[in-house]
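> Data file target.txt (compact mmCIF, C-alpha atoms) is appended below.
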```txt
# COMPACT_ATOMS: atom_id res chain seq x y z
CA MET A 1 89.12 107.76 90.95
CA SER A 2 86.59 105.06 90.37
CA PHE A 3 85.98 102.75 93.27
CA VAL A 4 84.83 99.13 92.88
CA ASN A 5 83.27 97.27 95.79
CA PHE A 6 83.04 93.60 94.85
CA ARG A 7 81.10 92.68 97.98
CA LYS A 8 78.38 95.21 97.25
CA LYS A 9 78.73 94.82 93.47
CA GLU A 10 79.01 98.58 93.14
CA ILE A 11 81.14 100.90 91.06
CA ASN A 12 81.40 104.56 92.03
CA PHE A 13 82.34 107.38 89.71
CA LYS A 14 82.76 111.06 90.51
CA ILE A 15 81.97 113.71 87.92
CA VAL A 16 82.69 117.39 88.55
CA TYR A 17 80.91 120.27 86.80
CA TYR A 18 83.51 123.03 86.51
CA GLY A 19 83.39 126.51 85.00
CA PRO A 20 83.30 130.24 85.71
CA GLY A 21 80.84 131.79 88.16
CA ARG A 22 77.22 131.90 86.99
CA SER A 23 77.86 129.77 83.89
CA GLY A 24 75.09 127.32 84.84
CA LYS A 25 76.77 124.48 86.74
CA THR A 26 74.20 124.41 89.54
CA THR A 27 71.38 124.80 86.98
CA ASN A 28 72.64 121.68 85.18
CA LEU A 29 72.42 119.65 88.41
CA GLU A 30 69.04 121.13 89.31
CA ARG A 31 67.63 120.25 85.87
CA ILE A 32 69.09 116.73 86.06
CA HIS A 33 67.50 116.32 89.47
CA THR A 34 64.13 117.44 88.08
CA MET A 35 64.23 115.35 84.92
CA MET A 36 65.43 112.03 86.35
CA PRO A 37 63.04 109.37 87.73
CA ASP A 38 62.86 109.14 91.53
CA ASP A 39 64.22 105.59 91.74
CA ILE A 40 67.62 106.48 90.29
CA LYS A 41 68.35 109.77 92.04
CA GLY A 42 69.18 110.80 95.58
CA ASN A 43 68.59 114.15 97.23
CA MET A 44 70.31 117.17 95.77
CA THR A 45 72.43 118.98 98.32
CA MET A 46 73.48 122.59 97.82
CA LEU A 47 76.01 124.37 99.99
CA SER A 48 75.26 127.96 98.99
CA THR A 49 75.75 131.50 100.24
CA GLN A 50 72.77 133.67 101.22
CA GLU A 51 72.85 135.03 97.68
CA ASP A 52 72.41 131.51 96.28
CA ARG A 53 75.96 131.34 94.97
CA THR A 54 77.69 128.01 95.46
CA LEU A 55 79.89 128.23 98.55
CA TYR A 56 81.42 124.76 98.66
CA PHE A 57 79.73 122.37 96.25
CA ASP A 58 76.40 121.02 95.04
CA PHE A 59 75.97 117.27 95.12
CA LEU A 60 73.62 114.91 93.31
CA PRO A 61 73.96 111.11 93.43
CA LEU A 62 72.55 109.03 90.55
CA LYS A 63 72.61 105.29 89.98
CA SER A 64 72.23 103.14 86.90
CA ASN A 65 72.71 99.58 85.69
CA ALA A 66 74.85 100.63 82.76
CA ILE A 67 77.54 98.09 83.67
CA PRO A 68 75.78 94.70 83.88
CA GLY A 69 76.23 92.89 87.19
CA PHE A 70 77.05 96.06 89.11
CA THR A 71 75.16 99.05 90.43
CA THR A 72 76.92 102.00 88.87
CA ARG A 73 76.81 105.10 91.02
CA PHE A 74 77.62 108.50 89.59
CA GLN A 75 78.23 111.27 92.08
CA LEU A 76 77.80 114.66 90.45
CA TYR A 77 79.47 117.67 92.03
CA THR A 78 79.73 121.33 91.08
CA VAL A 79 82.47 123.69 92.17
CA PRO A 80 82.03 127.32 93.22
CA GLY A 81 82.97 129.42 90.19
CA GLN A 82 84.06 132.60 91.93
CA PRO A 83 87.83 133.17 91.79
CA ILE A 84 88.21 133.46 95.60
CA TYR A 85 87.16 129.81 96.08
CA ASP A 86 90.18 128.33 94.35
CA LYS A 87 91.12 126.09 97.28
CA THR A 88 87.57 124.74 97.40
CA ARG A 89 87.68 123.85 93.71
CA GLN A 90 90.91 121.96 94.32
CA LEU A 91 89.29 119.96 97.12
CA VAL A 92 86.17 119.10 95.11
CA LEU A 93 88.33 117.80 92.26
CA ILE A 94 89.91 115.14 94.51
CA GLY A 95 89.23 111.71 93.05
CA SER A 96 87.26 112.94 90.04
CA ASP A 97 86.76 110.53 87.13
CA GLY A 98 85.42 113.04 84.65
CA VAL A 99 84.79 116.76 84.21
CA VAL A 100 82.08 118.77 82.50
CA PHE A 101 83.33 122.27 81.78
CA VAL A 102 80.31 124.59 81.61
CA ALA A 103 81.20 127.72 79.62
CA ASP A 104 79.05 130.85 79.44
CA SER A 105 78.39 131.72 75.78
CA GLN A 106 78.03 135.48 76.30
CA TRP A 107 80.76 137.57 74.66
CA GLU A 108 81.65 139.37 77.88
CA GLN A 109 82.28 136.03 79.62
CA MET A 110 84.91 134.75 77.18
CA GLU A 111 87.82 135.92 79.32
CA ASN A 112 86.30 134.28 82.41
CA ASN A 113 85.80 131.04 80.46
CA VAL A 114 89.43 130.95 79.41
CA LEU A 115 90.68 131.82 82.91
CA SER A 116 88.48 129.17 84.48
CA PHE A 117 89.64 126.55 81.98
CA GLU A 118 93.27 127.38 82.78
CA ASP A 119 92.41 127.21 86.48
CA LEU A 120 90.97 123.72 85.90
CA LYS A 121 94.21 122.55 84.31
CA ILE A 122 96.27 123.97 87.17
CA ASN A 123 94.04 122.41 89.82
CA LEU A 124 94.10 119.01 88.13
CA LYS A 125 97.87 119.20 88.15
CA THR A 126 97.83 119.54 91.96
CA HIS A 127 96.20 116.08 91.99
CA ASN A 128 98.77 114.68 89.55
CA THR A 129 96.29 114.40 86.73
CA SER A 130 95.40 116.36 83.61
CA LEU A 131 92.88 116.72 80.80
CA GLU A 132 95.03 114.30 78.79
CA LEU A 133 94.18 111.60 81.33
CA LEU A 134 90.67 112.52 82.39
CA PRO A 135 87.54 112.29 80.21
CA TYR A 136 85.90 115.70 79.87
CA VAL A 137 83.14 117.39 77.92
CA LEU A 138 82.66 121.07 77.12
CA GLN A 139 79.18 122.51 77.42
CA PHE A 140 78.57 125.88 75.75
CA ASN A 141 75.64 127.09 77.80
CA LYS A 142 73.16 129.99 77.49
CA ARG A 143 72.86 129.71 73.71
CA ASP A 144 69.45 131.44 73.90
CA LEU A 145 70.87 134.79 75.01
CA PRO A 146 71.16 137.59 72.39
CA ASN A 147 74.86 138.40 72.80
CA VAL A 148 76.48 134.99 72.43
CA ALA A 149 79.79 134.24 70.76
CA PRO A 150 79.68 131.87 67.76
CA ILE A 151 80.19 128.20 68.61
CA LYS A 152 83.22 127.99 66.31
CA TYR A 153 84.84 130.89 68.14
CA MET A 154 84.27 129.29 71.55
CA ASP A 155 85.60 126.01 70.23
CA PHE A 156 88.70 127.82 68.94
CA LEU A 157 89.12 129.66 72.24
CA ILE A 158 88.70 126.80 74.69
CA ASN A 159 88.89 123.52 72.81
CA GLN A 160 92.39 123.48 71.44
CA GLY A 161 95.76 121.84 71.88
CA GLY A 162 96.36 118.14 72.28
CA THR A 163 93.26 117.56 74.37
CA ARG A 164 90.40 118.50 72.07
CA THR A 165 87.12 117.01 73.16
CA THR A 166 83.43 116.89 72.46
CA TYR A 167 81.27 119.95 73.02
CA VAL A 168 77.55 120.32 73.50
CA ASP A 169 75.44 123.45 72.90
CA ALA A 170 73.05 123.98 75.78
CA ILE A 171 70.32 126.08 77.28
CA ALA A 172 70.34 124.53 80.72
CA THR A 173 67.39 126.58 81.99
CA LYS A 174 65.25 124.99 79.25
CA ASP A 175 66.68 121.46 79.66
CA ILE A 176 68.40 121.68 76.28
CA GLY A 177 71.72 119.84 76.14
CA VAL A 178 71.67 118.93 79.83
CA ASP A 179 70.92 115.21 79.50
CA VAL A 180 73.09 114.92 76.38
CA THR A 181 76.04 116.31 78.34
CA LEU A 182 75.36 113.98 81.27
CA ASN A 183 75.06 110.86 79.12
CA LEU A 184 78.14 111.77 77.15
CA ILE A 185 80.42 112.25 80.15
CA CYS A 186 79.05 109.12 81.87
CA LYS A 187 79.76 107.01 78.78
CA MET A 188 83.25 108.47 78.40
CA VAL A 189 84.02 107.78 82.07
CA MET A 190 82.73 104.20 81.84
CA ALA A 191 84.60 103.60 78.57
CA LYS A 192 87.83 104.72 80.24
CA PHE A 193 87.11 102.54 83.28
CA ILE A 194 86.55 99.48 81.09
CA LYS A 195 89.66 100.24 79.04
CA ASP A 196 91.80 100.73 82.19
CA ASN A 197 90.50 97.52 83.67
CA ASN A 198 90.97 95.71 80.39
CA MET A 199 89.46 92.44 81.57
CA SER A 200 86.76 91.85 79.03
CA PRO A 201 87.67 92.09 75.38
CA GLY A 202 83.95 92.18 74.60
CA GLY A 203 83.40 94.98 77.08
CA LEU A 204 86.32 96.94 75.76
CA ASP A 205 85.13 96.68 72.19
CA GLU A 206 81.69 97.78 73.22
CA ALA A 207 83.06 100.71 75.21
CA SER A 208 85.25 101.84 72.35
CA SER A 209 82.36 101.66 69.95
CA VAL A 210 80.25 103.81 72.24
CA ALA A 211 83.00 106.42 72.42
CA VAL A 212 83.31 106.49 68.64
CA THR A 213 79.57 106.79 68.16
CA GLU A 214 79.43 109.70 70.56
CA THR A 215 82.33 111.41 68.83
CA GLU A 216 80.66 111.01 65.47
CA LYS A 217 77.44 112.49 66.81
CA SER A 218 79.15 115.43 68.43
CA HIS A 219 81.01 118.46 67.25
CA VAL A 220 84.65 117.42 67.48
CA MET B 1 94.63 109.11 89.18
CA PHE B 2 94.09 105.39 89.61
CA ASN B 3 91.18 103.07 89.99
CA SER B 4 90.67 101.43 93.33
CA ALA B 5 88.93 98.24 94.39
CA ILE B 6 87.98 96.23 97.47
CA THR B 7 87.59 92.48 97.12
CA GLU B 8 84.71 90.45 98.51
CA GLN B 9 86.89 89.05 101.31
CA GLN B 10 88.27 92.47 102.25
CA GLY B 11 84.71 93.82 102.10
CA GLU B 12 83.52 91.12 104.51
CA ALA B 13 86.42 91.81 106.89
CA LEU B 14 85.75 95.55 106.81
CA ARG B 15 82.04 95.04 107.39
CA TYR B 16 82.79 92.83 110.40
CA MET B 17 85.00 95.54 111.94
CA LEU B 18 82.47 98.30 111.28
CA SER B 19 79.63 96.17 112.71
CA GLY B 20 81.75 95.68 115.84
CA ILE B 21 82.03 99.45 116.32
CA LEU B 22 78.32 99.92 115.56
CA VAL B 23 77.25 97.40 118.19
CA ARG B 24 79.87 98.00 120.91
CA ALA B 25 79.57 101.78 120.85
CA GLU B 26 75.76 101.70 120.35
CA THR B 27 75.97 104.03 117.37
CA GLU B 28 73.54 104.45 114.46
CA ALA B 29 75.88 104.25 111.50
CA VAL B 30 79.57 103.76 110.78
CA PHE B 31 81.12 104.67 107.43
CA VAL B 32 84.54 104.36 105.89
CA CYS B 33 84.97 106.84 103.02
CA ASP B 34 87.82 107.80 100.76
CA ARG B 35 88.97 111.38 100.28
CA GLY B 36 86.95 111.67 97.09
CA GLY B 37 83.68 111.07 98.95
CA ASN B 38 83.16 107.44 97.91
CA ILE B 39 81.79 105.11 100.57
CA VAL B 40 84.21 102.21 100.87
CA ASP B 41 81.64 100.48 103.08
CA HIS B 42 79.21 101.27 105.83
CA VAL B 43 76.86 99.68 108.32
CA SER B 44 73.81 101.36 109.74
CA LEU B 45 70.69 100.56 111.73
CA ASP B 46 68.51 102.18 109.10
CA GLU B 47 70.00 102.05 105.62
CA LYS B 48 68.91 104.92 103.39
CA GLU B 49 69.97 106.60 100.17
CA LEU B 50 70.92 109.60 102.31
CA ASP B 51 74.05 107.66 103.26
CA VAL B 52 75.74 108.61 99.98
CA THR B 53 75.12 112.29 100.71
CA ILE B 54 76.40 111.95 104.27
CA ALA B 55 79.66 110.49 102.95
CA ALA B 56 80.05 113.27 100.37
CA LEU B 57 79.41 116.02 102.91
CA ALA B 58 81.61 114.41 105.54
CA SER B 59 84.59 113.99 103.26
CA GLY B 60 84.08 117.58 102.06
CA ALA B 61 83.95 118.87 105.63
CA PHE B 62 87.01 116.84 106.58
CA ALA B 63 88.95 118.13 103.58
CA ALA B 64 88.01 121.70 104.49
CA THR B 65 89.14 121.30 108.10
CA GLY B 66 92.36 119.76 106.81
CA GLU B 67 93.07 122.99 104.95
CA LEU B 68 92.22 124.93 108.11
CA ALA B 69 94.76 122.82 109.99
CA LYS B 70 97.47 123.68 107.48
CA LEU B 71 96.69 127.40 107.80
CA ILE B 72 97.35 127.28 111.54
CA GLY B 73 100.50 125.22 111.15
CA GLU B 74 99.14 121.73 111.88
CA PRO B 75 99.79 118.97 109.32
CA THR B 76 96.19 117.81 109.74
CA PHE B 77 93.38 117.50 112.26
CA ARG B 78 93.18 113.88 113.30
CA SER B 79 89.51 114.07 114.16
CA VAL B 80 86.47 116.32 113.89
CA TYR B 81 83.41 116.20 116.12
CA HIS B 82 80.04 117.82 115.42
CA LYS B 83 77.73 117.76 118.44
CA GLY B 84 74.00 118.03 117.90
CA GLU B 85 71.06 118.01 120.29
CA ASN B 86 69.97 114.48 119.40
CA LYS B 87 72.53 113.25 116.90
CA SER B 88 76.24 113.82 116.58
CA VAL B 89 78.96 112.98 114.10
CA TYR B 90 82.53 111.98 114.85
CA MET B 91 85.11 111.71 112.05
CA GLN B 92 88.66 110.46 112.25
CA ASN B 93 91.52 110.07 109.79
CA LEU B 94 92.42 106.51 108.88
CA GLY B 95 95.85 107.20 107.48
CA PRO B 96 96.23 109.00 104.18
CA GLY B 97 93.26 108.66 101.89
CA PHE B 98 90.49 107.37 104.17
CA LEU B 99 88.35 108.46 107.08
CA ILE B 100 85.90 106.83 109.45
CA LEU B 101 82.66 108.59 110.24
CA VAL B 102 80.36 107.60 113.07
CA LEU B 103 76.80 108.84 113.45
CA PHE B 104 75.42 108.43 116.96
CA GLY B 105 72.57 109.52 119.21
CA ASN B 106 72.15 110.13 122.93
CA LYS B 107 72.47 106.44 123.84
CA THR B 108 76.26 106.73 123.78
CA THR B 109 79.04 109.27 124.18
CA VAL B 110 81.83 110.54 121.97
CA GLY B 111 84.32 109.01 124.40
CA MET B 112 82.82 105.56 123.90
CA VAL B 113 82.88 106.04 120.13
CA LYS B 114 86.56 107.04 120.22
CA LEU B 115 87.40 104.09 122.46
CA CYS B 116 85.71 101.57 120.16
CA ILE B 117 87.43 103.04 117.08
CA GLU B 118 90.76 102.94 118.89
CA LYS B 119 90.32 99.23 119.64
CA SER B 120 89.78 98.44 115.95
CA LEU B 121 92.20 101.03 114.60
CA ASN B 122 95.20 98.77 113.93
CA SER B 123 93.22 96.16 112.02
CA LEU B 124 91.23 98.82 110.16
CA GLU B 125 94.35 100.67 109.08
CA ALA B 126 96.08 97.41 108.12
CA LEU B 127 93.17 96.47 105.88
CA LEU B 128 92.96 99.91 104.29
CA THR B 129 96.72 99.95 103.72
CA GLU B 130 96.34 96.62 101.93
CA MET B 131 93.65 97.97 99.63
CA ARG B 132 95.11 101.46 99.13
CA GLY B 133 95.91 101.76 95.47
CA GLN B 134 94.69 98.23 94.83
CA THR B 135 93.29 98.06 91.32
CA VAL B 136 90.76 95.61 89.95
CA GLN B 137 93.63 93.66 88.35
CA SER B 138 95.90 93.64 91.38
CA SER B 139 93.01 92.66 93.68
CA GLY B 140 92.84 89.31 91.87
CA ALA B 141 89.07 89.64 91.53
CA LYS B 142 87.73 87.96 88.43
CA ALA B 143 85.32 90.35 86.83
CA THR B 144 84.29 91.32 83.37
CA PHE B 145 83.03 94.80 82.77
CA SER B 146 81.03 95.81 79.75
CA MET B 147 78.55 98.50 78.94
CA SER B 148 74.89 97.66 78.53
CA GLY B 149 73.58 98.09 75.01
CA SER B 150 71.26 100.97 75.90
CA ASP B 151 71.77 104.27 74.03
CA SER B 152 71.55 106.35 77.20
CA VAL B 153 72.97 105.78 80.64
CA PHE B 154 70.18 107.97 82.04
CA LYS B 155 66.77 108.47 80.51
CA LYS B 156 64.52 111.39 81.43
CA LYS B 157 61.28 110.50 83.15
CA GLU B 158 58.21 110.41 80.92
```
Using structure tokens, write down the structure from this file.


Amino acid sequence: MSFVNFRKKEINFKIVYYGPGRSGKTTNLERIHTMMPDDIKGNMTMLSTQEDRTLYFDFLPLKSNAIPGFTTRFQLYTVPGQPIYDKTRQLVLIGSDGVVFVADSQWEQMENNVLSFEDLKINLKTHNTSLELLPYVLQFNKRDLPNVAPIKYMDFLINQGGTRTTYVDAIATKDIGVDVTLNLICKMVMAKFIKDNNMSPGGLDEASSVAVTETEKSHV
Amino acid sequence: MFNSAITEQQGEALRYMLSGILVRAETEAVFVCDRGGNIVDHVSLDEKELDVTIAALASGAFAATGELAKLIGEPTFRSVYHKGENKSVYMQNLGPGFLILVLFGNKTTVGMVKLCIEKSLNSLEALLTEMRGQTVQSSGAKATFSMSGSDSVFKKKE
């Protein structure tokens, strides 16, 4: 959940990168950490196993002035993708304001993508929330590999039902689609925050217009 | 999921309580965080950006030990203490949803830290109960939120 501190003039948002093991969640955060200017990013923290697999979570704090009058802090987390860390994924999702689901585009990973997406829905339910309530973006990663499934097929497989959302094609290792995904989810989260806090008709209009623009640009 | 907010007055009151613990117990930093890893507020001798990471790691560690507690039949662990050679961390539940985290060096002891928290506990918990689930609207704060006109929230460095 977003947290507003009026004394410090700060708004905090939490965004979780979710997805199957080795789909590129940590790579997304690493690339964001590399590409962002020093004055807006904090240290990146990785809680990994000896084999460099995420054990608990990766964490990267960013700040912006996207909401005038307030410092807007975005705390980016990843979850461990391996099935055995289900409880950990549940814990990392506590208080999340938005989710990026990073799917692996390789054919042989389709089943894992679907299972992980179902797992996301179940884990959100344990926190009394759902993809109907939470802004989320799909990222179809690893588009440069030779054995990838067509985008339309992945969209059909994962992005269906009453909660269709925007998707972004990405090659996270080459910085392609990483910043687009980040900006998209941040805008969606802020638009929802402004809508929920419905205090400025001007702000709400502006937020809505941003959401529409992003939808038009994207592949929904 | 709901949004949560702390007003300026509540923020001042919380800061006063945290400063009291910082000074009386001779600690280096005192944080109040929510379960999601957000810093509600903090006071420290040496304010750094690292503070955000400390809060995220602490709330993660506390959540993990909470699960450990359940596995051994305890509803929760009330507190967790990490002792280092030069610096130590003490964390304690502040009712459902919040925790207090104290970072301290060799100038003080964990007993002193616990004692100072205990003295402020009732007023701290009362304040946090008041703001638990408090939204921007229900807080009475007059604020207008809008998005800046920029195309991107974050721009890559040149």

> Should the cut-off be 8 Å, what would the residue list for chain B against chain A look like, counting all atoms listed in the file, as a VMD selection string?

chain B and resid 1 to 9 11 to 12 35 to 36 38 40 49 to 50 52 to 53 56 60 63 to 64 136 to 137 141 143 to 148 150 152 to 157

> To one decimal place, how far is CA of Ala103 (chain A) from CA of Thr166 (chain A) in Å?

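Here the two named atoms are 13.2 Å from each other.
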
> Skip Cys116 (chain B) itself and residues of its chain fewer than 3 positions away, then list as a list in words all residues within 7 Å of it, counting all atoms listed in the file.

Ile21, Arg24, Ala25, Met112, Val113, Lys119 and Ser120 of chain B

> Nearest to Met110 (chain A): which of A:Leu55, A:Met188, A:Ala149, A:Val16 is it, counting only C-alpha atoms?

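Counting only C-alpha atoms, the residue closest to Met110 (chain A) is A:Ala149.
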
> Residues at most 8 Å from Asn113 (chain A), counting all atoms listed in the file, excluding those fewer than 6 positions away in the same chain, as a VMD selection string?

chain A and resid 19 to 20 103 to 104 158

> So, with all atoms listed in the file as the atoms that count, which of A:Tyr85, A:Val178, A:Tyr18, A:Glu30 lies closest to Leu120 (chain A)?

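Among the listed residues, A:Tyr18 lies closest to Leu120 (chain A).
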
> Tell me, in Å to one decimal, how far CA of Asp46 (chain B) is from CA of Leu103 (chain B).

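It comes out at 11.5 Å.
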